[in-house]
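A.B. asks: Structure provided below as structure tokens; questions to follow.
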Amino acid sequence: MLTLVIGNKNYSSWSLRPWLLLTEAGIPFEEIRLSLFTAAFDEQIGRHSPAGRVPVLVDPEADEGELKVWDSLAIAEYLAERFPDRCLWPESRAARAHARSLCAEMHSGFGTLRQAWPMNVAARLPGMGWSVGVQRDVDRLVQMWGACLERSGGPMLFGRFSIADAFFAPVVSRFATYDADLPPSIAAYRDRILALDGMRAWSASAREEREFLVDDEPYRRQP
Ligand SMILES: N[C@@H](CCC(=O)N[C@@H](CS)C(=O)NCC(=O)O)C(=O)O
């Protein structure tokens with residue numbers, strides 16, 4: 001069976017993507033959760049990935065024996081190839097190219113939003129960290145999601161759930177945490193993602209965690 005090595009569910013935005021993808025696609029996997037920025041993480045992550053980061057996917061039955069794939073984008077691409085029947089990318093070549101462009105833009109961009117609004121599933125921090133730069137990133141996301149939903153007719157960016165939705169799920173979570181001001185159609189997409197079974201399961205586990213990262217919890221109440 002596949003194994004996915006992830007970080008804290010409350011904070012690890014990169015881990016959420018492949019976890020949600022596997023879960024929503026109904027692909028069975030086991031998870032190993034490592035607590036970020038601890039001695040145990042440093043000790044154990046080297047066993048799974050030379051890059052020293054999560055997520056990492058371990059496939060014990062790959063073509064040439066056990067395979068380790070790291071980085072959320074590489075994992076998504078591998079899963080799409082490994083499970084072609086699950087149609088993890090949209091069907092048409094043009095839509096696939098479009099979805100890949102969006103994922104690449106997310107993967108390498110939105111640094112202002114990511115820094116100012118770290119993923120914190122359990123927290124509600126409306127308005128905190130907002131800046132003109134953050135709003136610029138929000139505006140771009142609203143524009144790209146709006147165009148996708150208009151073209152596909154929804155409910156997901158390319159009709160049914162795809163890698164693109166998994167890639168934006170951490171941003172959706174941030175929009176809830178920081179209460180980003182969104183147009184109704186985008187707020188509705190946010191709510192559809194938050195209502196996915198996989199997203200609810202991830203969030204429930206995140207809320208149970210008690211390993212708080214001080215830098216990401218400026219106003220947190222005591223547990
Ligand atoms: N581009 C990578 C980023 C992975 C990443 O930065 N992961 C963070 C957790 S969300 C991590 O492992 N941090 C541990 C560290 O930097 O020591 C991906 O898409 O998987």
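So you can find residues: chains in the structure tokens are A, B, ... in the order shown, residues in each start at 1, and ligands are numbered from 1 in order.
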Need the shell around region 164-177 of chain A: protein/DNA/RNA residues with any atom at most 8 Å away, counting only C-alpha atoms. Skip same-chain ones fewer than 2 positions apart. Format as an NGL selection string?

C.D. replies: :A and (13-14 or 16-18 or 20-21 or 89 or 99-100 or 102-103 or 106 or 117-126 or 156-158 or 161-162 or 179-180 or 190 or 193-194)

A.B. asks: Could you list, as a PyMOL selection string, all the residues within 8 Å of ligand 1, counting only C-alpha atoms and all ligand atoms?

C.D. replies: chain A and resi 6-7+11-15+36-37+41-42+52-56+70-74+107

A.B. asks: Could you state the separation of CA of Phe110 (chain A) and CA of Asp137 (chain A) in Å, given to one decimal place?

C.D. replies: 6.0 Å

A.B. asks: Find the residues near Ala25 (chain A): any atom within 10 Å, counting only C-alpha atoms, skip ones fewer than 5 places away on the same chain, and give them as a PyMOL selection string.

C.D. replies: chain A and resi 19-20+83+86-88+161-163+198

A.B. asks: For the residues in that selection, give me C-alpha atoms as a PDB file, in the first residue's frame.

C.D. replies:
```pdb
ATOM      1  CA  TRP A  19      -3.487  13.834   1.222  1.00  0.00           C
ATOM      2  CA  LEU A  20      -6.717  15.380  -0.059  1.00  0.00           C
ATOM      3  CA  PHE A  83      -3.823   5.735 -11.388  1.00  0.00           C
ATOM      4  CA  ARG A  86      -8.979   8.104 -11.517  1.00  0.00           C
ATOM      5  CA  CYS A  87      -8.624  10.976 -14.041  1.00  0.00           C
ATOM      6  CA  LEU A  88      -6.812  13.220 -11.564  1.00  0.00           C
ATOM      7  CA  PHE A 161     -12.562  17.302  -8.392  1.00  0.00           C
ATOM      8  CA  SER A 162      -9.030  17.381  -9.846  1.00  0.00           C
ATOM      9  CA  ILE A 163      -5.446  18.067  -8.847  1.00  0.00           C
ATOM     10  CA  GLY A 198     -11.558  14.669   2.901  1.00  0.00           C
TER      11      GLY A 198
END
```

A.B. asks: Just the residues within 12 Å of Glu66 (chain A), please, counting only C-alpha atoms, with nothing from its chain fewer than 5 positions along; format it as a count of residues only.

C.D. replies: 9

A.B. asks: Once DSSP has gone over the backbone, tell me which residues of region 108-199 of chain A are in alpha helix (DSSP H), as a ChimeraX atom specification.

C.D. replies: /A:108,111-116,132-152,163-177,184-194,197-199

A.B. asks: Could you list, as a PDB file with N, CA and C atoms, in the first residue's frame, every residue within 10 Å of Val134 (chain A), counting only C-alpha atoms and ignoring same-chain residues fewer than 2 positions away?

C.D. replies:
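Okay, this is what ended up in result_23.pdb:
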```pdb
ATOM      1  N   PHE A 110       2.474  33.350  -5.118  1.00  0.00           N
ATOM      2  CA  PHE A 110       1.647  33.746  -3.980  1.00  0.00           C
ATOM      3  C   PHE A 110       2.438  33.790  -2.671  1.00  0.00           C
ATOM      4  N   GLY A 111       3.699  34.215  -2.786  1.00  0.00           N
ATOM      5  CA  GLY A 111       4.575  34.256  -1.620  1.00  0.00           C
ATOM      6  C   GLY A 111       4.086  35.232  -0.560  1.00  0.00           C
ATOM      7  N   THR A 112       3.518  36.360  -0.994  1.00  0.00           N
ATOM      8  CA  THR A 112       3.059  37.355  -0.012  1.00  0.00           C
ATOM      9  C   THR A 112       1.929  36.779   0.828  1.00  0.00           C
ATOM     10  N   LEU A 113       0.965  36.181   0.137  1.00  0.00           N
ATOM     11  CA  LEU A 113      -0.171  35.584   0.854  1.00  0.00           C
ATOM     12  C   LEU A 113       0.301  34.452   1.763  1.00  0.00           C
ATOM     13  N   ARG A 114       1.202  33.638   1.236  1.00  0.00           N
ATOM     14  CA  ARG A 114       1.641  32.480   2.029  1.00  0.00           C
ATOM     15  C   ARG A 114       2.352  32.914   3.308  1.00  0.00           C
ATOM     16  N   GLN A 115       3.154  33.971   3.169  1.00  0.00           N
ATOM     17  CA  GLN A 115       3.911  34.411   4.342  1.00  0.00           C
ATOM     18  C   GLN A 115       3.001  35.107   5.370  1.00  0.00           C
ATOM     19  N   ALA A 116       2.121  35.965   4.868  1.00  0.00           N
ATOM     20  CA  ALA A 116       1.274  36.741   5.787  1.00  0.00           C
ATOM     21  C   ALA A 116       0.163  35.892   6.392  1.00  0.00           C
ATOM     22  N   TRP A 117      -0.296  34.910   5.632  1.00  0.00           N
ATOM     23  CA  TRP A 117      -1.420  34.081   6.077  1.00  0.00           C
ATOM     24  C   TRP A 117      -1.010  32.607   6.088  1.00  0.00           C
ATOM     25  N   GLY A 129      -3.040  40.165   9.462  1.00  0.00           N
ATOM     26  CA  GLY A 129      -2.008  40.003   8.440  1.00  0.00           C
ATOM     27  C   GLY A 129      -2.363  40.582   7.083  1.00  0.00           C
ATOM     28  N   TRP A 130      -3.556  41.175   6.958  1.00  0.00           N
ATOM     29  CA  TRP A 130      -3.970  41.686   5.648  1.00  0.00           C
ATOM     30  C   TRP A 130      -3.055  42.837   5.224  1.00  0.00           C
ATOM     31  N   SER A 131      -2.762  42.926   3.939  1.00  0.00           N
ATOM     32  CA  SER A 131      -2.005  44.054   3.385  1.00  0.00           C
ATOM     33  C   SER A 131      -2.435  44.196   1.929  1.00  0.00           C
ATOM     34  N   VAL A 132      -2.003  45.286   1.319  1.00  0.00           N
ATOM     35  CA  VAL A 132      -2.321  45.486  -0.098  1.00  0.00           C
ATOM     36  C   VAL A 132      -1.722  44.353  -0.930  1.00  0.00           C
ATOM     37  N   ARG A 136      -3.631  41.705  -3.383  1.00  0.00           N
ATOM     38  CA  ARG A 136      -3.279  41.484  -4.797  1.00  0.00           C
ATOM     39  C   ARG A 136      -3.304  39.967  -5.091  1.00  0.00           C
ATOM     40  N   ASP A 137      -2.748  39.184  -4.185  1.00  0.00           N
ATOM     41  CA  ASP A 137      -2.770  37.726  -4.369  1.00  0.00           C
ATOM     42  C   ASP A 137      -4.206  37.189  -4.323  1.00  0.00           C
ATOM     43  N   VAL A 138      -5.002  37.711  -3.381  1.00  0.00           N
ATOM     44  CA  VAL A 138      -6.404  37.260  -3.289  1.00  0.00           C
ATOM     45  C   VAL A 138      -7.120  37.579  -4.603  1.00  0.00           C
ATOM     46  N   ASP A 139      -6.895  38.784  -5.119  1.00  0.00           N
ATOM     47  CA  ASP A 139      -7.573  39.189  -6.356  1.00  0.00           C
ATOM     48  C   ASP A 139      -7.231  38.262  -7.515  1.00  0.00           C
ATOM     49  N   ALA A 180     -11.060  36.107   4.398  1.00  0.00           N
ATOM     50  CA  ALA A 180     -10.859  36.926   3.195  1.00  0.00           C
ATOM     51  C   ALA A 180     -12.207  37.343   2.626  1.00  0.00           C
TER      52      ALA A 180
END
```

A.B. asks: So, counting only C-alpha atoms, which residue among A:Asp181, A:Leu22, A:Tyr189, A:Ala39 is closest to Glu150 (chain A)?

C.D. replies: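 Residue with the minimum atom-to-atom distance to Glu150 (chain A): A:Tyr189.
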
A.B. asks: Please determine, counting only C-alpha atoms, which residue among A:Met144, A:Ala40, A:Leu34, A:Val214 has the shortest atom-to-atom distance to Ser101 (chain A).

C.D. replies: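 For Ser101 (chain A), the nearest of the given residues is A:Met144.
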